[in-house]
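Shown below: input22.cif, with mmCIF, C-alpha atoms and all ligand atoms.
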```cif
data_protein
#
loop_
_atom_site.label_atom_id
_atom_site.label_comp_id
_atom_site.auth_asym_id
_atom_site.auth_seq_id
_atom_site.Cartn_x
_atom_site.Cartn_y
_atom_site.Cartn_z
CA MET A 1 164.81 114.01 158.60
CA ASP A 2 167.76 116.26 159.35
CA TYR A 3 170.27 114.95 161.83
CA GLU A 4 172.95 117.51 161.01
CA ASN A 5 174.12 119.10 164.25
CA SER A 6 177.18 121.32 164.40
CA LYS A 7 176.89 121.45 168.21
CA LEU A 8 178.03 117.84 168.69
CA VAL A 9 181.61 118.88 169.34
CA LEU A 10 183.66 117.82 172.36
CA ALA A 11 185.39 120.36 174.56
CA SER A 12 188.90 119.06 173.98
CA ASP A 13 189.78 118.61 177.66
CA GLN A 14 186.76 116.47 178.49
CA VAL A 15 187.78 113.37 176.55
CA GLU A 16 188.71 110.26 178.46
CA SER A 17 189.37 107.11 176.52
CA GLY A 18 186.62 104.51 176.46
CA ALA A 19 184.75 101.99 174.35
CA VAL A 20 181.28 100.83 173.38
CA ARG A 21 180.29 97.43 172.07
CA TRP A 22 177.25 96.18 170.11
CA ARG A 23 176.21 92.94 168.50
CA SER A 24 173.92 93.36 165.53
CA PRO A 25 172.30 90.67 163.39
CA SER A 26 172.00 90.18 159.68
CA ASN A 27 168.57 90.20 158.00
CA ILE A 28 166.95 88.48 155.05
CA ALA A 29 164.85 90.57 152.68
CA LEU A 30 161.45 89.13 151.79
CA VAL A 31 160.83 91.90 149.23
CA LYS A 32 164.18 93.06 147.94
CA TYR A 33 165.90 96.43 147.79
CA TRP A 34 167.55 96.51 144.37
CA GLY A 35 168.29 99.88 142.78
CA LYS A 36 169.08 103.13 144.57
CA HIS A 37 169.27 106.88 144.06
CA GLY A 38 170.45 110.04 145.81
CA ASP A 39 172.27 109.53 149.07
CA GLN A 40 171.69 105.82 149.68
CA LEU A 41 167.92 105.95 149.12
CA ALA A 42 166.16 102.89 147.73
CA LYS A 43 164.12 102.97 144.55
CA ASN A 44 161.50 100.78 146.23
CA PRO A 45 160.44 99.76 149.73
CA SER A 46 161.70 96.49 151.18
CA VAL A 47 160.72 94.28 154.10
CA SER A 48 162.84 91.76 156.00
CA PHE A 49 163.06 89.28 158.82
CA THR A 50 165.84 89.95 161.30
CA LEU A 51 168.11 86.97 161.92
CA ASP A 52 169.50 85.72 165.19
CA SER A 53 172.81 83.90 165.07
CA ALA A 54 174.30 85.47 161.92
CA ALA A 55 175.63 88.65 163.51
CA THR A 56 178.56 91.02 163.88
CA ASP A 57 180.13 91.93 167.23
CA THR A 58 181.84 95.33 167.13
CA THR A 59 183.80 97.23 169.76
CA LEU A 60 184.46 100.89 169.03
CA SER A 61 187.26 102.29 171.22
CA TYR A 62 188.24 105.93 171.28
CA CYS A 63 190.81 108.21 172.84
CA ALA A 64 191.89 111.82 172.51
CA LYS A 65 193.48 112.38 169.15
CA ALA A 66 197.23 112.10 169.16
CA ARG A 67 197.72 114.25 166.03
CA THR A 68 195.99 117.52 165.39
CA ASP A 69 195.14 117.02 161.72
CA GLU A 70 191.66 117.54 160.35
CA GLY A 71 190.90 114.04 159.04
CA VAL A 72 189.15 111.16 160.78
CA SER A 73 191.43 108.55 162.32
CA VAL A 74 190.34 104.90 162.28
CA GLU A 75 192.10 101.57 162.70
CA LEU A 76 190.05 98.48 161.96
CA TYR A 77 190.65 94.87 162.97
CA LEU A 78 188.55 91.97 161.69
CA ASP A 79 189.10 88.85 163.81
CA ALA A 80 192.17 90.54 165.27
CA SER A 81 193.77 91.16 161.85
CA ARG A 82 194.20 94.71 160.65
CA ARG A 83 192.15 95.31 157.49
CA GLU A 84 193.16 98.39 155.56
CA ASP A 85 190.48 97.76 152.92
CA PHE A 86 187.65 98.02 155.49
CA GLU A 87 189.52 100.82 157.23
CA GLU A 88 189.37 102.95 154.09
CA ARG A 89 185.64 102.26 153.66
CA THR A 90 185.03 103.22 157.29
CA ARG A 91 187.05 106.43 156.94
CA ILE A 92 184.91 107.43 153.96
CA TYR A 93 181.79 106.60 156.02
CA PHE A 94 182.96 108.65 159.03
CA ASN A 95 183.79 111.57 156.75
CA ARG A 96 180.26 111.47 155.35
CA LEU A 97 178.89 111.53 158.89
CA LEU A 98 180.83 114.65 159.94
CA PRO A 99 177.87 117.04 159.46
CA ILE A 100 175.88 114.78 161.83
CA TYR A 101 178.71 113.92 164.22
CA PRO A 102 181.45 116.58 163.99
CA PHE A 103 183.13 114.96 167.03
CA LEU A 104 184.25 112.06 164.82
CA LYS A 105 187.26 114.05 163.73
CA GLN A 106 188.28 114.88 167.30
CA LEU A 107 189.14 111.32 168.35
CA ASP A 108 191.33 108.38 167.41
CA PHE A 109 189.15 105.31 166.83
CA LYS A 110 189.92 101.63 166.92
CA ILE A 111 187.28 99.21 165.66
CA GLU A 112 187.49 95.52 166.55
CA THR A 113 184.92 93.45 164.76
CA SER A 114 184.11 89.80 164.23
CA ASN A 115 181.30 87.88 162.56
CA SER A 116 179.56 84.88 164.06
CA PHE A 117 179.58 83.14 160.70
CA PRO A 118 182.81 81.84 159.16
CA HIS A 119 184.46 84.22 156.74
CA SER A 120 184.64 81.32 154.29
CA ALA A 121 180.83 81.15 154.18
CA GLY A 122 180.80 84.03 151.71
CA ILE A 123 177.79 85.63 153.41
CA ALA A 124 177.44 89.36 152.98
CA SER A 125 178.18 90.98 156.30
CA SER A 126 177.43 94.60 155.42
CA ALA A 127 173.97 94.59 157.06
CA SER A 128 175.21 93.27 160.41
CA GLY A 129 178.56 95.07 160.20
CA MET A 130 177.28 98.53 159.33
CA SER A 131 174.38 98.36 161.78
CA ALA A 132 176.70 97.29 164.63
CA LEU A 133 178.96 100.25 163.89
CA ALA A 134 176.05 102.71 163.62
CA LEU A 135 174.69 101.49 166.96
CA CYS A 136 178.11 102.10 168.54
CA LEU A 137 178.07 105.66 167.16
CA VAL A 138 174.60 106.49 168.50
CA ASP A 139 175.72 105.03 171.83
CA LEU A 140 178.78 107.28 171.81
CA GLU A 141 176.57 110.29 171.12
CA ASN A 142 174.49 109.34 174.16
CA GLN A 143 177.60 109.02 176.32
CA PHE A 144 179.07 112.32 175.26
CA PHE A 145 175.97 114.45 174.86
CA GLY A 146 173.31 112.68 176.91
CA GLY A 147 170.80 111.79 174.19
CA LEU A 148 169.18 109.21 176.46
CA GLU A 149 167.73 111.88 178.73
CA SER A 150 165.51 112.96 175.88
CA GLY A 151 163.76 109.60 175.66
CA GLY A 152 165.55 106.28 175.18
CA PHE A 153 167.97 104.91 172.62
CA ASP A 154 167.20 106.43 169.24
CA MET A 155 166.85 103.36 166.98
CA ARG A 156 165.56 105.52 164.16
CA LYS A 157 168.78 107.45 164.13
CA ALA A 158 170.75 104.19 164.30
CA SER A 159 168.75 102.95 161.31
CA TYR A 160 169.34 106.20 159.42
CA LEU A 161 173.10 106.05 160.06
CA SER A 162 173.20 102.34 159.16
CA ARG A 163 171.51 103.14 155.85
CA LEU A 164 174.25 105.59 154.95
CA GLY A 165 176.73 102.72 155.38
CA SER A 166 174.72 100.03 153.60
CA GLY A 167 171.06 100.15 152.60
CA SER A 168 170.03 96.74 153.91
CA ALA A 169 171.74 97.51 157.26
CA CYS A 170 169.01 99.99 158.21
CA ARG A 171 166.58 97.05 158.67
CA SER A 172 168.90 95.16 161.07
CA VAL A 173 168.46 97.45 164.08
CA TYR A 174 165.00 96.07 164.92
CA GLY A 175 164.07 92.59 166.10
CA HIS A 176 161.78 90.23 164.18
CA ALA A 177 160.78 92.24 161.10
CA ALA A 178 161.44 95.65 159.57
CA LEU A 179 160.20 97.79 156.70
CA TRP A 180 162.35 100.34 154.88
CA GLY A 181 160.69 102.80 152.51
CA THR A 182 157.43 104.64 152.26
CA LEU A 183 154.24 102.62 151.98
CA GLY A 184 150.99 104.58 151.95
CA ASP A 185 149.17 102.07 154.12
CA ILE A 186 151.86 101.81 156.81
CA GLU A 187 151.99 104.66 159.28
CA ASN A 188 155.45 106.16 159.97
CA SER A 189 157.08 104.28 157.10
CA HIS A 190 159.97 106.34 155.79
CA GLU A 191 162.50 106.32 152.98
CA GLU A 192 165.38 107.52 155.16
CA TYR A 193 165.21 104.83 157.84
CA ALA A 194 163.51 101.54 158.55
CA ILE A 195 160.75 100.99 161.09
CA SER A 196 159.90 97.93 163.14
CA VAL A 197 156.89 95.95 161.92
CA ALA A 198 157.25 93.26 164.58
CA ASP A 199 153.86 94.14 166.07
CA GLN A 200 152.18 93.37 162.75
CA LEU A 201 153.40 89.77 162.56
CA HIS A 202 150.82 87.00 162.78
CA ASP A 203 151.73 84.33 165.34
CA ASP A 204 152.48 81.86 162.54
CA PHE A 205 155.42 83.99 161.44
CA LYS A 206 156.91 84.44 164.90
CA GLY A 207 160.13 82.47 165.30
CA PHE A 208 160.31 81.62 161.59
CA HIS A 209 163.46 79.72 160.67
CA ASP A 210 166.05 80.56 158.03
CA ASP A 211 168.51 77.80 157.17
CA ILE A 212 171.23 79.22 154.94
CA LEU A 213 172.75 76.73 152.51
CA ILE A 214 176.29 77.78 151.59
CA ILE A 215 176.38 76.77 147.95
CA SER A 216 179.53 78.70 147.13
CA ALA A 217 181.82 80.84 149.24
CA GLY A 218 183.81 82.48 146.45
CA GLU A 219 184.04 86.20 145.82
CA LYS A 220 181.04 87.35 143.74
CA SER A 221 181.80 88.43 140.18
CA VAL A 222 179.59 91.53 140.59
CA SER A 223 179.22 93.21 144.00
CA SER A 224 175.85 94.36 145.35
CA ARG A 225 177.02 97.93 145.01
CA ALA A 226 177.75 97.44 141.29
CA GLY A 227 174.51 95.49 140.88
CA HIS A 228 172.45 98.38 142.26
CA GLY A 229 174.26 100.66 139.81
CA LEU A 230 173.32 98.46 136.86
CA MET A 231 169.65 99.00 137.67
CA ASP A 232 170.07 102.58 136.39
CA THR A 233 170.23 101.28 132.83
CA ASN A 234 168.06 98.18 133.25
CA HIS A 235 165.27 98.08 130.67
CA TYR A 236 162.82 96.68 133.25
CA ALA A 237 163.75 98.99 136.14
CA ASP A 238 160.60 101.11 136.33
CA LEU A 239 158.32 98.10 136.01
CA ARG A 240 160.30 96.44 138.77
CA TYR A 241 160.03 99.39 141.16
CA GLY A 242 156.24 99.46 140.74
CA GLN A 243 156.01 95.71 141.24
CA ALA A 244 158.20 95.80 144.35
CA LYS A 245 156.04 98.49 145.93
CA ARG A 246 152.86 96.49 145.32
CA ARG A 247 154.52 93.33 146.59
CA CYS A 248 155.69 95.12 149.71
CA SER A 249 152.12 96.18 150.48
CA GLU A 250 150.86 92.68 149.85
CA MET A 251 153.67 91.16 151.92
CA MET A 252 152.70 93.40 154.85
CA GLN A 253 149.10 92.17 154.58
CA VAL A 254 150.22 88.56 154.34
CA LEU A 255 152.50 88.93 157.38
CA SER A 256 149.59 90.13 159.48
CA SER A 257 146.97 87.73 158.13
CA GLY A 258 149.19 84.64 158.51
CA ASP A 259 148.76 83.45 154.91
CA VAL A 260 151.93 81.34 154.81
CA GLU A 261 151.22 79.94 151.36
CA ARG A 262 150.95 83.36 149.72
CA PHE A 263 154.02 84.42 151.70
CA GLY A 264 155.93 81.57 150.06
CA GLU A 265 154.75 82.48 146.56
CA LEU A 266 155.79 86.10 146.98
CA LEU A 267 159.09 85.14 148.62
CA GLU A 268 160.19 82.81 145.84
CA SER A 269 159.04 85.12 143.11
CA GLU A 270 161.05 87.96 144.68
CA ALA A 271 164.19 85.80 144.78
CA LEU A 272 163.89 84.81 141.14
CA THR A 273 162.94 88.33 140.03
CA LEU A 274 166.10 89.69 141.70
CA HIS A 275 168.26 87.27 139.73
CA ALA A 276 166.25 87.83 136.54
CA LEU A 277 167.06 91.54 136.88
CA MET A 278 170.76 90.66 137.05
CA MET A 279 170.44 88.50 133.95
CA ALA A 280 168.67 91.39 132.18
CA SER A 281 171.30 94.01 133.10
CA SER A 282 173.73 95.49 130.58
CA PRO A 283 176.10 93.78 130.73
CA PRO A 284 174.14 90.75 131.92
CA TYR A 285 175.49 88.57 134.70
CA LEU A 286 174.62 85.41 136.53
CA LEU A 287 175.30 84.71 140.21
CA LEU A 288 173.38 81.44 140.51
CA GLU A 289 175.41 78.23 140.59
CA PRO A 290 174.24 74.86 139.26
CA ASN A 291 173.79 73.68 142.85
CA THR A 292 171.60 76.69 143.65
CA ILE A 293 169.18 75.45 141.01
CA ASN A 294 169.55 71.80 142.03
CA ALA A 295 168.66 72.73 145.61
CA ILE A 296 165.73 74.93 144.50
CA ARG A 297 164.30 72.06 142.43
CA ARG A 298 164.64 69.63 145.32
CA VAL A 299 162.96 72.06 147.74
CA GLN A 300 160.03 72.50 145.36
CA GLN A 301 159.65 68.73 144.91
CA TRP A 302 159.83 68.06 148.64
CA ARG A 303 157.19 70.71 149.28
CA ALA A 304 154.89 69.10 146.72
CA GLU A 305 155.45 65.63 148.22
CA THR A 306 155.15 66.51 151.90
CA LYS A 307 152.85 69.58 151.73
CA HIS A 308 155.17 71.24 154.26
CA PRO A 309 155.46 75.04 153.90
CA LEU A 310 159.17 75.25 153.10
CA TYR A 311 160.17 78.15 150.83
CA PHE A 312 163.41 79.58 149.47
CA THR A 313 164.85 82.99 148.89
CA LEU A 314 168.17 84.37 147.66
CA ASP A 315 170.42 87.33 148.33
CA ALA A 316 172.56 88.81 145.61
CA GLY A 317 174.57 85.59 145.47
CA PRO A 318 174.29 81.81 145.02
CA ASN A 319 173.49 80.82 148.62
CA LEU A 320 169.99 79.61 149.33
CA HIS A 321 167.92 80.71 152.34
CA LEU A 322 165.20 78.27 153.41
CA LEU A 323 162.35 79.88 155.31
CA TYR A 324 159.81 77.86 157.27
CA PRO A 325 157.70 77.91 160.44
CA LYS A 326 159.11 76.38 163.61
CA SER A 327 156.36 73.74 163.55
CA ILE A 328 158.20 71.85 160.77
CA GLU A 329 161.71 72.22 162.21
CA GLU A 330 162.29 68.48 162.64
CA PRO A 331 161.33 67.27 159.14
CA VAL A 332 163.18 70.19 157.50
CA ARG A 333 166.35 69.52 159.51
CA SER A 334 166.33 65.87 158.40
CA PHE A 335 165.66 66.87 154.81
CA VAL A 336 168.52 69.40 154.86
CA ARG A 337 170.95 66.94 156.43
CA GLU A 338 170.01 63.96 154.30
CA GLU A 339 169.57 65.65 150.95
CA LEU A 340 170.51 69.30 150.67
CA LEU A 341 173.94 69.29 152.28
CA ALA A 342 175.17 67.46 149.20
CA TYR A 343 174.69 70.73 147.28
CA CYS A 344 176.57 72.84 149.84
CA LYS A 345 180.23 73.81 149.71
CA ASP A 346 181.99 71.44 152.14
CA GLY A 347 178.57 70.61 153.61
CA GLN A 348 178.31 74.11 155.15
CA TYR A 349 175.01 75.52 156.30
CA ILE A 350 173.85 77.91 159.00
CA ALA A 351 170.71 77.11 160.96
CA ASP A 352 169.30 80.51 161.83
CA ARG A 353 165.94 81.95 162.80
CA MET A 354 164.13 85.20 163.47
CA GLY A 355 165.87 87.10 166.26
CA ASN A 356 165.23 89.86 168.77
CA GLY A 357 167.55 92.43 167.23
CA PRO A 358 170.78 94.04 168.40
CA ASP A 359 172.27 93.86 171.90
CA LYS A 360 174.55 96.21 173.75
CA LEU A 361 177.40 94.16 175.21
CA GLU A 362 179.91 94.69 178.01
CA VAL A 363 183.27 95.77 176.69
CA SER A 364 185.79 93.00 177.32
CA GLU A 365 189.04 93.98 179.05
C1 LIG B 401 169.86 91.71 147.36
O1 LIG B 401 172.42 96.70 151.23
O2 LIG B 401 174.22 95.21 150.32
O3 LIG B 401 170.43 91.81 149.67
O4 LIG B 401 173.34 99.71 150.00
O5 LIG B 401 175.10 99.14 148.32
O6 LIG B 401 175.35 98.39 150.71
P1 LIG B 401 174.39 98.71 149.57
O7 LIG B 401 173.66 97.36 149.16
P2 LIG B 401 173.14 96.18 150.04
O8 LIG B 401 172.08 95.50 149.03
C2 LIG B 401 171.29 94.44 149.46
C3 LIG B 401 170.62 93.81 148.32
C4 LIG B 401 169.84 92.55 148.62
C5 LIG B 401 168.39 92.86 148.93
C6 LIG B 401 168.05 93.40 150.29
O9 LIG B 401 168.73 93.09 151.29
O10 LIG B 401 167.01 94.10 150.37
#
```
Represent the structure of the file as structure tokens.
Amino acid sequence: MDYENSKLVLASDQVESGAVRWRSPSNIALVKYWGKHGDQLAKNPSVSFTLDSAATDTTLSYCAKARTDEGVSVELYLDASRREDFEERTRIYFNRLLPIYPFLKQLDFKIETSNSFPHSAGIASSASGMSALALCLVDLENQFFGGLESGGFDMRKASYLSRLGSGSACRSVYGHAALWGTLGDIENSHEEYAISVADQLHDDFKGFHDDILIISAGEKSVSSRAGHGLMDTNHYADLRYGQAKRRCSEMMQVLSSGDVERFGELLESEALTLHALMMASSPPYLLLEPNTINAIRRVQQWRAETKHPLYFTLDAGPNLHLLYPKSIEEPVRSFVREELLAYCKDGQYIADRMGNGPDKLEVSE
């Protein structure tokens, strides 16, 4: 896929100031992306459920550039506070996008962003944050150059641009479920962007819940970015990439057949494999907390006692995601409240579920 386009340049007198606004959700990987190469390409395919309430709301405002220098110009506010750390990351991102969107250096940008989940929850926001920004950019392209006339909002391009910001973000632009990476048995699957696999979901997976237990909200000792890097020297890396590809194919079959039990086995094994890879890195590291393991044990016991299909997964951190069908919402909610909140930092948890994907919002005055 080649989105480079030197023609996307504004005639300098045509620019009026304006803004676009998108809300984009987070997603939870069922089969994990862990290890990358080239320009933000994954070493293995991954598949995820798109979440609903955990999301980022981003307004991208622009006006004619005040100074005539060559660089991109971005100010970024998170919850109304200027964040120079994110600003720098966004400037680097915009610079990388210049061959695709040369107009990015013709404008002054202001980004105002906020997350629906509390900052203290320690949840990674790169998937929702980078996808919300990429959606704003594709929207701007449409406004300036009329992309919509050639057939609707280009979610593939939004996914591609999201990927360049953060790998997992490319899966957030679709509702319900998404696949990123090439799988022989899935038509149109691609390594440069994710595709929607919502139409392949069995009814039993529709509206699946994800309750996120906030076990710890502290800064992680090793970032995801560094963790991906450590896969380059991981002794088990090649075995892992083969396994992940097979699991992705099997997960796709399971999602369409409705085999919730096998789904749970694969899901939990993926979570523990991800953390086993961290423990087997050089240098090794451990992101699980004692309460992550306490909660995992209690979930496994409860499942054995009640026979309810409640399963866990993990991101690259200590917080536990509990996935389950909506049919057992009531018993799970009571179980979480009565027993699992004791393992959470200040009793924090986020009750989320599968969502419909991003929304374009009205810009507030
Ligand atoms: C464990 O997408 O955060 O959540 O591409 O460096 O931004 P970058 O990494 P990121 O990695 C996500 C890792 C994961 C698994 C997954 O979401 O597939």
Quick one: residues within 7 Å of ligand LIG 401 (chain B), with all atoms listed in the file, as a compact mmCIF listing (two decimals) with C-alpha atoms, in the coordinates of the input?
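The result, written out as part.txt:
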```txt
# COMPACT_ATOMS: atom_id res chain seq x y z
CA ILE A 28 166.95 88.48 155.05
CA ALA A 29 164.85 90.57 152.68
CA VAL A 31 160.83 91.90 149.23
CA LYS A 32 164.18 93.06 147.94
CA TYR A 33 165.90 96.43 147.79
CA TRP A 34 167.55 96.51 144.37
CA GLN A 40 171.69 105.82 149.68
CA SER A 46 161.70 96.49 151.18
CA SER A 126 177.43 94.60 155.42
CA ALA A 127 173.97 94.59 157.06
CA GLY A 165 176.73 102.72 155.38
CA SER A 166 174.72 100.03 153.60
CA GLY A 167 171.06 100.15 152.60
CA SER A 168 170.03 96.74 153.91
CA ALA A 169 171.74 97.51 157.26
CA SER A 224 175.85 94.36 145.35
CA ARG A 225 177.02 97.93 145.01
CA HIS A 228 172.45 98.38 142.26
CA ASP A 315 170.42 87.33 148.33
CA ALA A 316 172.56 88.81 145.61
```
Item to check | Neighbour list for Tyr62 in chain A as a list in words, cut-off 12 Å, all atoms listed in the file, skip fewer than 3 positions in-chain | outcome: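 These residues fall inside the cut-off: Val15, Glu16, Ser17, Gly18, Ala19, Val20, Arg21, Thr59, Lys65, Ala66, Val72, Ser73, Val74, Glu75, Phe103, Leu104, Lys105, Gln106, Leu107, Asp108, Phe109, Lys110, Ile111, Glu112, Cys136, Leu137, Leu140 and Phe144 of chain A.
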Set out as a Markdown table a contact list for range 235-351 of chain A and range 183-196 of chain A with a cut-off of 12 Å, giving each residue of range 235-351 of chain A that qualifies its closest atom pair and distance in Å to one decimal, counting all atoms listed in the file, ordered by chain and rising residue number.
```
| residue | atom | partner | partner_atom | distance |
| --- | --- | --- | --- | --- |
| A:Gly242 | CA | A:Leu183 | CA | 11.8 |
| A:Ala244 | CA | A:Leu183 | CA | 11.0 |
| A:Lys245 | CA | A:Leu183 | CA | 7.5 |
| A:Arg246 | CA | A:Leu183 | CA | 9.2 |
| A:Arg247 | CA | A:Leu183 | CA | 10.7 |
| A:Cys248 | CA | A:Leu183 | CA | 8.0 |
| A:Ser249 | CA | A:Leu183 | CA | 6.9 |
| A:Glu250 | CA | A:Asp185 | CA | 10.5 |
| A:Met251 | CA | A:Leu183 | CA | 11.5 |
| A:Met252 | CA | A:Ile186 | CA | 8.7 |
| A:Gln253 | CA | A:Asp185 | CA | 9.9 |
```
Next on the checklist: Under the rule that all atoms listed in the file are counted, which of A:Tyr236, A:Phe312, A:Tyr324, A:Phe153 is the nearest residue to Asp204 in chain A?
Outcome noted: A:Tyr324
Next on the checklist: Considering only C-alpha atoms, can you say which of A:Ala42, A:Met278, A:Val336, A:Met130 comes closest to Trp302 in chain A?
Outcome noted: A:Val336
Checklist entry - Using all atoms listed in the file, which residue out of A:Gly152, A:Gly357, A:Pro290, A:Gly317 lies closest to Leu274 in chain A? => result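 Nearest candidate to Leu274 in chain A out of A:Gly152, A:Gly357, A:Pro290, A:Gly317: A:Gly317.
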Next on the checklist: Show me, as a list in words, the residues that have an atom within 10 Å of Tyr285 in chain A when counting all atoms listed in the file, minus same-chain residues fewer than 5 positions from it.
Outcome noted: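 The residues that qualify are Ser221, Val222, Gly227, His275, Ala276, Leu277, Met278, Met279 and Ala280 of chain A.
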Checklist outcome for this item: Separating CA of His202 in chain A from CA of Leu135 in chain A, to the nearest tenth of an Å, is a gap of 28.2 Å
Checklist entry - Of the residues A:Ile215, A:Met231, A:Leu310, A:Met1, which is the one nearest to Val260 in chain A, using only C-alpha atoms? => result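 Checking each of A:Ile215, A:Met231, A:Leu310, A:Met1 against Val260 in chain A, counting only C-alpha atoms, the winner is A:Leu310.
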Checklist entry - Of the candidates A:Pro284, A:Leu201, A:Tyr311, A:Gln301, which one gets nearest to Ser269 in chain A if we count only C-alpha atoms? => result A:Tyr311
Export range 156-168 of chain A from the structure block above, keeping N, CA and C atoms, as an mmCIF file, in the first residue's frame.
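The result, written out as decode_16.cif:
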```cif
data_model
loop_
_atom_site.group_PDB
_atom_site.id
_atom_site.type_symbol
_atom_site.label_atom_id
_atom_site.label_comp_id
_atom_site.auth_asym_id
_atom_site.auth_seq_id
_atom_site.Cartn_x
_atom_site.Cartn_y
_atom_site.Cartn_z
ATOM 1 N N ARG A 156 -9.446 2.128 6.086
ATOM 2 C CA ARG A 156 -8.181 1.438 5.883
ATOM 3 C C ARG A 156 -7.014 2.399 6.027
ATOM 4 N N LYS A 157 -7.207 3.564 5.441
ATOM 5 C CA LYS A 157 -6.142 4.574 5.545
ATOM 6 C C LYS A 157 -6.001 5.039 6.998
ATOM 7 N N ALA A 158 -7.151 5.195 7.679
ATOM 8 C CA ALA A 158 -7.093 5.583 9.100
ATOM 9 C C ALA A 158 -6.359 4.509 9.908
ATOM 10 N N SER A 159 -6.592 3.252 9.568
ATOM 11 C CA SER A 159 -5.925 2.157 10.273
ATOM 12 C C SER A 159 -4.418 2.180 9.979
ATOM 13 N N TYR A 160 -4.088 2.401 8.724
ATOM 14 C CA TYR A 160 -2.678 2.463 8.308
ATOM 15 C C TYR A 160 -1.951 3.589 9.062
ATOM 16 N N LEU A 161 -2.582 4.764 9.092
ATOM 17 C CA LEU A 161 -1.950 5.913 9.770
ATOM 18 C C LEU A 161 -1.875 5.681 11.276
ATOM 19 N N SER A 162 -2.897 5.039 11.837
ATOM 20 C CA SER A 162 -2.881 4.720 13.277
ATOM 21 C C SER A 162 -1.703 3.809 13.587
ATOM 22 N N ARG A 163 -1.502 2.822 12.723
ATOM 23 C CA ARG A 163 -0.413 1.850 12.928
ATOM 24 C C ARG A 163 0.942 2.548 13.018
ATOM 25 N N LEU A 164 1.122 3.579 12.187
ATOM 26 C CA LEU A 164 2.414 4.277 12.214
ATOM 27 C C LEU A 164 2.610 4.993 13.555
ATOM 28 N N GLY A 165 1.513 5.296 14.243
ATOM 29 C CA GLY A 165 1.609 5.930 15.563
ATOM 30 C C GLY A 165 1.786 4.910 16.672
ATOM 31 N N SER A 166 1.025 3.839 16.622
ATOM 32 C CA SER A 166 1.116 2.757 17.606
ATOM 33 C C SER A 166 0.465 1.523 16.993
ATOM 34 N N GLY A 167 1.178 0.410 17.010
ATOM 35 C CA GLY A 167 0.699 -0.790 16.314
ATOM 36 C C GLY A 167 -0.727 -1.163 16.686
ATOM 37 N N SER A 168 -0.983 -1.296 17.982
ATOM 38 C CA SER A 168 -2.294 -1.777 18.414
ATOM 39 C C SER A 168 -3.410 -0.806 18.016
#
```
